[in-house]
Every structure is written in C-alpha cells, then in structure tokens.
Amino acid sequence: MAADARNLTGEPFVARSPDAGPAGAGRPAAARPKRSVPPSPSPPPAPPAPGGRTPAFAAPARVPLPDASGPREATTRLIAHGCWYPSADPSGTRVAFICDRGGVPQLWTGPVDGDDVHLLDDGPDPVTEVSWSPDGRWIAYTTAPGGGEHTRVLCVRPDGGDRHILAGAEPGSSAHLGCWAYDGSAIAVTVAVPTAAPGPDTTAEPGAPGPGAADGLLPAHWRDRAGDTRLLGPAPHTAPGPGLPSPVLTVRTAAIGAPGGGTAPTAGFGDGLSAYLVDPDGVAAPALLAVEKDAATLRVCDLSRDGALALLRRGPRGRREAVVLRTADLETTCVMPVADGDPWIGGFSPRADTLWLRSNAHREFAVLLAAGLDPEGHPRGWSVAASRENSDLELLRCARDGASAVLAWNVRGVSELEVLDTSGVGGPGADASGVGGPRPGPGAGAPARSGRSGDAVARPGRSGETAVRSGRNGGVAARSGRSGETAVRSGRSGDVAARSGRGGGVAAQSGRSGDADARSGPETVPPRPVSLPHEVVTRITAAGPRLLLALSGSRRRPGIWWLPDGATPVRTPWSSRDEDAVPPGRPPVRPVPLRPTARDGLPLNGWYYRAPGRAPGEPAPCVLHLHGGPEDQERPVLDPLYHEILGRGVDVFAPDVRGSSGYGRSFVDADLGRGRFAAIDDVADCAAHAVLAGLADPARLAVMGRSYGGYLTFASLVWHPDLFRTGIAVCGMSDLATFFEGTEPWIAQSAAHKYGHPERDRELLRALSPMSRVDALRAPVLAVHGEHDTNVPPGESEQFVRAARERGVTAELLTLPDEGHEFLRADNRRLFRRAAADWLQRQLGT
C-alpha cells in the first residue's frame, strides 16, 4: 500500500450520517467526475472467436490525452513521501516509479543516481503500476479514475509526450497491465467487462430457497447462477500435513475459453476477461491472446523472445494457476497451480526451453519450480530449484540473460533476499547449458516473421485460428505445433525431489514426505545472500546489469534502492531519508513479535508496538489492528496510522489470525467455511494474550481493522461484546449477503471460495454476518468508508451504523470523498488517521 503524508495539519473530525446525502450513498466515481476527458470512441468490433472458443468481450480502444511533456513539479512538496514500484529503462540509468510527494500516487521519472526527477502525469487519478518498455520508447502505467476500483492502462513517452489511454476507457470496463513483448513492439493488456448471467443452476435442488436479503431473493445479476464452490472445511495439503495422497495433475491441450478447456473451477460469476497484445504506437490492431468468461483474474506475465509462448496467471485467490499458451493457435500446453501474492509468477528462459514458476502446488510453502519445455511448450518434467523450510518464496525476478534469478523469501513477515545462479540449472529435459538450442522450424517451433517496426497484428491461421506476428525485431510470432498431454505425478506424499543429470539438466524423481528439495550436483553454485537495510522487499526489477529494490521498514517510508556493486543496496537520492519518515522529536516504534496460541491450540503470530514513555510493567490501553485479505499478512513496516495512535498513548497489537498468509497453506485455509468462527475467536484470544503478558489493560481494549479486518471488527464487537470498549471498522463487510449483492464480480468469485457460495451456503453466510447478531452490540463504533468503494460497498458500513443507532449504541460514519477501497490521497489519509486516533483517545480515556 502506498505511504501517506506527514501529519502536519489539524483537520477537525467530520462524521457523516449514514442517511445523509450522496457521498454516503456510495455512488461510483463515474457519477461524480473530477475532470473531463475526451469522449471515448466506439470500441472496435471484437475479433472473431476461432475454433468455437469464447469470443472476446471487448477490444481496447486508444484515446489520446493532453501532453504532459517537460519538467513538471508537484504543487505540494511533502518531505516525508513514499516511492515504490520502480521500472528501469533498458540502460538501467533512469527509472519510472510511483511517488506520493504531491499528495497522491503519481508517475515520476528520474536518474538512478541523481535527484533531477520529473512528474510525467499531473492528473488526480492514483497510479498503481508502472512498466518501461524494453526498447525504451514508452512507459506504460495503470491509473484508478476517481480513486475507485476500476483501472485504465495508459502509455506516455519518457519525456511526457504522446500520452494516451491504451485500454479501459470504455464505460463499465477495467484494464490491467501485463508484460511487454521482448522487443517492445507490443504490450499485453487484460480488459475486463461485466458478463451476462449464465443459464439456470441445474445443480441446485428443485424448489430450494435462495439466499439474500430479508425477502430471501437475490438481485437480478445473482439469480440462477451456478457454481462449483461448497465450503465445509479447509482443503487438504500434502506437505508437511497428514500424508494424504496428492492428486495427479493432468494438463490437457485445450484452448483457453473453449468448452471444457479450463481446469480452474469457477463460481459461476465474474467478469469477462480478454487478454490482448496492443501496439502502443497505434499502428496495428490489438491481437487477441486469451479469453476467460466469469473469471476472477487473467494476466499475461511473460512472453518468450520469439513470441511463440505466453505465460498467463488466472483464477481467484486460493486457486491461482499458471497457464502456458501457444500464441499461434491459442492452445494450452501446461497448467500448474501457483501461489497467491505477487502476480508476476515467473517467466521463460531466453530460449524458452525452461519455465520458472513461484508455486506452492501440492505443498505448504511456495518454492521455485523449474520445468524443461519441449519445442511446442509442453513440460518434460518438473523440479524444485530452490526452497526453504517454513518460508514462502514471495517475489521472483528472472534475469533477461537467463543466468540468474533473484528470490525474496518471507520469513515470518521479514524478507530475506538472495541471488540464484540459474545458468546451469535448467528444467528437466533442458540441454547441458540449461538454456537450450533454438526452436525448430515450421511445424514445431515459431520463427519470427518480419513486418513494420512496432507491429503486433492478428491474422487468421490455416484453420481460421488467430496467430500473432511481430515487428522487425521478431518480438511476437508463432506457428502451431502438435497437441499433446502432460501429466505431473507426485511421490508418496505428493512431493518431488530433484537430482542433477549428467549434462547439467535436472531429472525428476518421486520423494517420500515433506516439502520437495533440490539435490544439486557439484557444479551448482549456492545462492548469494543480499544484505538489506530494511525489513521488507516489495518489488524487484532489473536496471541494466544492476538491480532495483523497493523496500519498506519499521523506521522508514517506502523507498527505492539500487545495487551498484550487486551486493550493497544504496538509496536513490529522490527517495525520502529515514530521518524524514516522521516529524522530529518522536522516532518510529520498532515492533516486537508476539506468539499467541488460539483456544484450539493453533499457534498465531503478531507484532506489538509499545507507546513511548510507558513503563515496562505497566498495562496500557491497546487496540488490536486486523489486516485485510483475509490472506494479507502483518509486516513490520512503518504505518503512519500506528504512529498517530501510539502518539496518543495507545499500544497497537497487529496479529495474524488464521487465514493469514506467510505461515503455510493450511494456515491460510484454516478459516474456510465454518472455520471463520474460529478466526473470530482468534481475535479474542490475541487480546487475552496481550493482557496475560502484562502489556495491555483489560479494561481499555479496542479493536479495529480494514476490509476483511473491518468485517472481523464488526464480528468481534458482536461475538465478544464485553471484551472491547470500542471498535473502528474501515471498509468492512457487515452482512455477507448484501456484500455479495453489491461487490465487484471478480471479488465475489474469490469471496465465494473463502466465505461460501451466496446461494448454496446461505445459512452459513447468515450465521457469519455481524448484522445477524447486532442486538448483542454494546461498544461504541466508528465506521469509515471510501465514497467510491466497489469492492466493499459503503452500504455495509451504513447499515451497521444505522442498526447500532436504532439500538441506542453510539455509532458514527466517516465517508472519505474521492476514495475507493484503498485511501490514496494524502489529505484523506491524514483526516482518517486523526479521526481514528481521536476516537480511540476519547473512548479509552487516555
């Protein structure tokens, strides 16, 4: 999340009634435009669907925008600012990045080792992702109009000229950034549009009542929707769990979007997603890569250098998949489960004979998997190239030359970074160099086709299928090969061990128990650790021969560091200094880990922040802060909200209850279905632990959280009404039925996997909803919501506040204008921090 600004003003607390005007009604951003943009042209007709596949839902339309060329300075200069999401030019000397020094996350560029930075887009829409093209001619980036949840993909020249919307300008659509073609001739973009409801639910029992609001009916866009989600408990995992047999993963050759071609189950709702290769120069028409109906996510993560293969990530959280696609005939050659978290899941070696993936398939923790690929993109076998006991691989960056990979491991919330030599560690079936030879000619491989520089066009193939050909540098070209089927079989407990082959390749053999391990040969070079000046790495990217790291820590704002010697990180001059992280006189608090135990014996984790000036043995007023997700994880990074609360004399305990990431898949899945009741009890158990440890005053406990943490806040106040003196729920769900009615389709699909299907699990969702127990509420509550939140609609806060007031309980609602699910504008973040700290100080009597 973006860092916010220093607290230098004193805005009064403004609370809005849930019955007040339009801001409290949670209308989408489109209803209140903040600035005019040129009208969108009619989108081009969707490309024909080859071979009976699902047709594309929307083709991206190019919309020119006013230039933002030349040096531009922010109207407001914040000393304490954050910089994150770096992307370097091909030489590695200049960087495009996101910075909030102007009060909102915006696109900036500057030299790695100088402070001459420039603002490239001075618009009010927050920037969320950045990617500099491999040829250096373009910078692509994503914005969130109005601060809401829908996004657009834009392109701009490095000097600020020729700025235009690539995708997402059409009303109701959203666009997401993918990877660039190797030569920079095209960029992958995913366009999302709402899909029509499918046919009747033939799996439901005749006459079975549907879930929903008080009338028992679903809204029109939910009725008759089928799904595959039925949650009665956590899904089993094989390592290091109870030794249940792992399923055989069979990968069939089938087109994405074709009937029966997908392996990921869907909940019967979601957006229609179409992935395209788009020419940033606007010369060629968009080329269709993949289509998914009722899908949660679809992102193009990598393209092979010859353009013959594409690596896609798809599926809802908890069920992500990596898909290898032949671009010539849009045939799927490989599907492998991958981990949640960072969407950039891996990539191809330079000659596409090895695939690298960050995956937790059939295991508790994510590892680095390697697969040798045949010329048509089918895996020859899988091996584990790197793993750590009880630690997730959370970030992976493969070098463009294929010689190394940079790995970031999550060790109980703290990052550990290392560089792995991959030059001699090809996947099973790769040649002795680990890189492989060139792809064969027609009939098996994908030779580059010549064309105009920058072209990326779609043309019909022999069977009417869509093929892609590239510009002059051979970026995107493909021919189809033969079909086939690949099965990946597990060992006795679903584990795979790797041993080196004679030629430097890696052969797969079955293991017996525990996580898979890599048994290296004598030529294997141990990973080289990289010392970090701060606790958490949020992004890794190449800068020519060097690396760029986005770092956060408990004592600094997010910043960007580079490694001039490959070993010692150096802060970029335009990232804020550590000493400027907070106002002078009160340094940030470094948290200490706590290890509570749940009432059912499950070990929990968390970070405790002690307010300055408190004697070691003196119990203090304390607020439990609960993260979102549920799969997020509390990390030891500077949170200005915590800093504000600590300054009021209130301790902060930020626990990871069951359902959090970082502790294995079984822990993530421990809150599925009825396990959510135990997650609510975890909150109470964490409070009890802080009290028994002598840290927290049992008479002055509070609970707060955002998103899913806001739901847990509402739930804790009604399940444990006598435990907490007050609560602050930020963008939280209060009724799971109304949440499903109003949320985004892709959110609904992921949520159905986590909470239950809104139709078949109606009674469970009702039992889990705080509104069903609101009569038990005793403590005053403050609800906070973004006006344009379409992830968790503002009505979730409004109805809980209204119900509390009807029962005589003190309740207030703070609605932040021009914000969505995330609060991104410095003035609103500052207002929220002060309002929350004021509320806690007043209710806890500090």
# chains A, B, ... in the order shown; residues from 1 in each chain; ligands from 1
>>> residues_around(residues="A:Leu736", least_positions_apart="5", cutoff="10 Å", atoms="only C-alpha atoms", output="PyMOL selection string")
chain A and resi 212-213+711+741+751+755-756+758+762+764-771+796
>>> residues_around(residues="A:Thr790", least_positions_apart="3", cutoff="12 Å", atoms="only C-alpha atoms", output="number ranges by chain")
A: 25-30, 146-150, 707, 731-733, 739-748, 785-787, 793-796, 819-822
>>> select_by_dssp(residues="stretch 571-777 of chain A", states="strand (DSSP E or B)", output="number ranges by chain")
A: 571, 592-594, 597, 603, 605-609, 620-626, 651-656, 696-706, 726-730
>>> residues_around(residues="A:Cys179", least_positions_apart="6", cutoff="6 Å", atoms="only C-alpha atoms", output="PyMOL selection string")
chain A and resi 187-188+301-302
>>> write_last_selection(atoms="C-alpha atoms", output="mmCIF file, in the first residue's frame")
data_model
loop_
_atom_site.group_PDB
_atom_site.id
_atom_site.type_symbol
_atom_site.label_atom_id
_atom_site.label_comp_id
_atom_site.auth_asym_id
_atom_site.auth_seq_id
_atom_site.Cartn_x
_atom_site.Cartn_y
_atom_site.Cartn_z
ATOM 1 C CA ILE A 187 2.320 -4.741 -24.511
ATOM 2 C CA ALA A 188 -0.122 -7.242 -23.051
ATOM 3 C CA CYS A 301 3.116 -12.418 -17.099
ATOM 4 C CA ASP A 302 5.713 -13.225 -19.753
#
>>> closest_residue(among="A:Val300, A:Gly629, A:Leu357, A:Leu844", to="A:Asn791", atoms="only C-alpha atoms")
A:Gly629
>>> residues_around(residues="A:Leu177", least_positions_apart="4", cutoff="10 Å", atoms="only C-alpha atoms", output="CSV table (one decimal) with all heavy atoms, in the first residue's frame")
chain,number,residue,atom,x,y,z
A,128,THR,N,-1.1,3.0,-10.1
A,128,THR,CA,-1.0,1.8,-9.3
A,128,THR,C,0.1,0.9,-9.8
A,128,THR,O,0.7,0.1,-9.1
A,128,THR,CB,-2.3,1.0,-9.3
A,128,THR,OG1,-2.7,0.7,-10.7
A,128,THR,CG2,-3.4,1.8,-8.7
A,129,GLU,N,0.5,0.9,-11.1
A,129,GLU,CA,1.6,0.0,-11.7
A,129,GLU,C,2.3,0.8,-12.8
A,129,GLU,O,1.7,1.7,-13.4
A,129,GLU,CB,1.0,-1.3,-12.3
A,129,GLU,CG,0.5,-2.2,-11.2
A,129,GLU,CD,0.0,-3.6,-11.9
A,129,GLU,OE1,-0.9,-3.5,-12.8
A,129,GLU,OE2,0.5,-4.6,-11.5
A,130,VAL,N,3.6,0.4,-13.0
A,130,VAL,CA,4.4,1.1,-14.0
A,130,VAL,C,5.3,0.1,-14.7
A,130,VAL,O,5.8,-0.9,-14.1
A,130,VAL,CB,5.3,2.1,-13.3
A,130,VAL,CG1,6.2,2.8,-14.3
A,130,VAL,CG2,4.5,3.2,-12.5
A,131,SER,N,5.5,0.2,-16.0
A,131,SER,CA,6.4,-0.7,-16.7
A,131,SER,C,7.0,0.1,-17.9
A,131,SER,O,6.3,0.6,-18.8
A,131,SER,CB,5.6,-1.9,-17.3
A,131,SER,OG,6.4,-2.8,-17.9
A,140,ALA,N,4.4,2.4,-19.8
A,140,ALA,CA,3.0,2.1,-19.6
A,140,ALA,C,2.7,2.1,-18.1
A,140,ALA,O,3.6,1.8,-17.2
A,140,ALA,CB,2.7,0.7,-20.1
A,141,TYR,N,1.5,2.5,-17.8
A,141,TYR,CA,1.2,2.6,-16.3
A,141,TYR,C,-0.4,2.5,-16.2
A,141,TYR,O,-1.1,2.6,-17.1
A,141,TYR,CB,1.7,3.9,-15.7
A,141,TYR,CG,1.2,5.2,-16.3
A,141,TYR,CD1,0.3,6.0,-15.6
A,141,TYR,CD2,1.7,5.6,-17.5
A,141,TYR,CE1,-0.2,7.2,-16.2
A,141,TYR,CE2,1.2,6.8,-18.1
A,141,TYR,CZ,0.3,7.6,-17.4
A,141,TYR,OH,-0.1,8.8,-17.9
A,142,THR,N,-0.8,2.2,-15.0
A,142,THR,CA,-2.2,1.9,-14.7
A,142,THR,C,-2.7,3.0,-13.7
A,142,THR,O,-2.0,3.4,-12.7
A,142,THR,CB,-2.4,0.6,-14.0
A,142,THR,OG1,-1.8,-0.4,-14.9
A,142,THR,CG2,-3.9,0.3,-13.8
A,151,THR,N,-9.7,0.3,-13.3
A,151,THR,CA,-8.4,0.9,-13.7
A,151,THR,C,-8.3,1.0,-15.2
A,151,THR,O,-9.1,0.4,-16.0
A,151,THR,CB,-7.3,0.0,-13.2
A,151,THR,OG1,-7.5,-1.3,-13.6
A,151,THR,CG2,-7.2,0.1,-11.6
A,152,ARG,N,-7.4,1.9,-15.6
A,152,ARG,CA,-7.1,2.1,-17.0
A,152,ARG,C,-5.6,1.9,-17.2
A,152,ARG,O,-4.8,2.1,-16.3
A,152,ARG,CB,-7.4,3.5,-17.5
A,152,ARG,CG,-8.9,3.9,-17.5
A,152,ARG,CD,-9.1,5.3,-17.8
A,152,ARG,NE,-10.5,5.7,-18.0
A,152,ARG,CZ,-11.0,6.9,-18.2
A,152,ARG,NH1,-10.1,7.9,-18.2
A,152,ARG,NH2,-12.2,7.1,-18.4
A,153,VAL,N,-5.2,1.5,-18.4
A,153,VAL,CA,-3.8,1.4,-18.8
A,153,VAL,C,-3.5,2.5,-19.8
A,153,VAL,O,-4.2,2.7,-20.8
A,153,VAL,CB,-3.5,0.0,-19.5
A,153,VAL,CG1,-2.1,0.0,-20.0
A,153,VAL,CG2,-3.8,-1.1,-18.5
A,154,LEU,N,-2.5,3.3,-19.5
A,154,LEU,CA,-2.0,4.4,-20.3
A,154,LEU,C,-0.6,4.2,-20.7
A,154,LEU,O,0.1,3.4,-20.2
A,154,LEU,CB,-2.1,5.7,-19.5
A,154,LEU,CG,-3.5,6.2,-19.1
A,154,LEU,CD1,-4.0,5.6,-17.8
A,154,LEU,CD2,-3.5,7.7,-19.0
A,166,LEU,N,-4.5,3.3,-23.4
A,166,LEU,CA,-4.4,2.1,-24.2
A,166,LEU,C,-5.7,1.3,-24.1
A,166,LEU,O,-6.1,0.7,-25.0
A,166,LEU,CB,-3.2,1.2,-23.8
A,166,LEU,CG,-1.8,1.6,-24.4
A,166,LEU,CD1,-0.8,0.6,-23.9
A,166,LEU,CD2,-1.9,1.6,-25.9
A,167,ALA,N,-6.2,1.1,-22.9
A,167,ALA,CA,-7.3,0.3,-22.6
A,167,ALA,C,-8.0,0.7,-21.3
A,167,ALA,O,-7.4,1.3,-20.4
A,167,ALA,CB,-6.9,-1.2,-22.5
A,187,ILE,N,2.5,-4.5,-25.9
A,187,ILE,CA,2.3,-4.7,-24.5
A,187,ILE,C,1.0,-5.5,-24.3
A,187,ILE,O,0.0,-5.3,-25.0
A,187,ILE,CB,2.3,-3.4,-23.7
A,187,ILE,CG1,2.3,-3.7,-22.2
A,187,ILE,CG2,1.2,-2.5,-24.1
A,187,ILE,CD1,2.6,-2.5,-21.3
A,188,ALA,N,1.1,-6.4,-23.4
A,188,ALA,CA,-0.1,-7.2,-23.1
A,188,ALA,C,-1.0,-6.5,-22.1
A,188,ALA,O,-0.6,-5.9,-21.1
A,188,ALA,CB,0.3,-8.6,-22.4
A,189,VAL,N,-2.3,-6.5,-22.4
A,189,VAL,CA,-3.3,-5.8,-21.6
A,189,VAL,C,-4.5,-6.7,-21.4
A,189,VAL,O,-4.9,-7.3,-22.4
A,189,VAL,CB,-3.7,-4.4,-22.3
A,189,VAL,CG1,-4.9,-3.8,-21.5
A,189,VAL,CG2,-2.6,-3.5,-22.3
A,190,THR,N,-5.0,-6.8,-20.2
A,190,THR,CA,-6.3,-7.5,-20.0
A,190,THR,C,-7.4,-6.5,-19.8
A,190,THR,O,-7.3,-5.6,-19.0
A,190,THR,CB,-6.2,-8.4,-18.7
A,190,THR,OG1,-5.1,-9.3,-18.9
A,190,THR,CG2,-7.4,-9.1,-18.5
A,191,VAL,N,-8.5,-6.7,-20.6
A,191,VAL,CA,-9.7,-5.9,-20.5
A,191,VAL,C,-10.8,-6.7,-19.8
A,191,VAL,O,-11.1,-7.8,-20.2
A,191,VAL,CB,-10.1,-5.4,-21.9
A,191,VAL,CG1,-11.4,-4.5,-21.8
A,191,VAL,CG2,-9.0,-4.6,-22.5
A,275,ALA,N,-7.4,-11.0,-23.0
A,275,ALA,CA,-6.0,-10.5,-23.0
A,275,ALA,C,-5.6,-10.2,-24.4
A,275,ALA,O,-5.8,-11.1,-25.3
A,275,ALA,CB,-5.1,-11.5,-22.3
A,299,ARG,N,-3.9,-12.4,-16.3
A,299,ARG,CA,-2.8,-11.5,-16.5
A,299,ARG,C,-1.7,-12.2,-17.3
A,299,ARG,O,-1.4,-13.4,-17.1
A,299,ARG,CB,-2.1,-11.0,-15.2
A,299,ARG,CG,-1.0,-10.0,-15.4
A,299,ARG,CD,-0.3,-9.7,-14.1
A,299,ARG,NE,-1.1,-9.0,-13.2
A,299,ARG,CZ,-1.0,-7.7,-12.9
A,299,ARG,NH1,-0.1,-6.9,-13.5
A,299,ARG,NH2,-1.8,-7.1,-12.0
A,300,VAL,N,-1.2,-11.5,-18.3
A,300,VAL,CA,-0.1,-12.1,-19.1
A,300,VAL,C,1.2,-11.7,-18.4
A,300,VAL,O,1.6,-10.5,-18.4
A,300,VAL,CB,-0.1,-11.5,-20.6
A,300,VAL,CG1,1.0,-12.2,-21.4
A,300,VAL,CG2,-1.5,-11.8,-21.2
A,301,CYS,N,1.9,-12.7,-17.9
A,301,CYS,CA,3.1,-12.4,-17.1
A,301,CYS,C,4.4,-12.4,-17.9
A,301,CYS,O,5.4,-11.8,-17.5
A,301,CYS,CB,3.2,-13.5,-16.0
A,301,CYS,SG,1.8,-13.4,-14.8
>>> closest_residue(among="A:Leu723, A:Ala296, A:Ile345, A:Leu369", to="A:Ala752", atoms="only C-alpha atoms")
A:Ala296
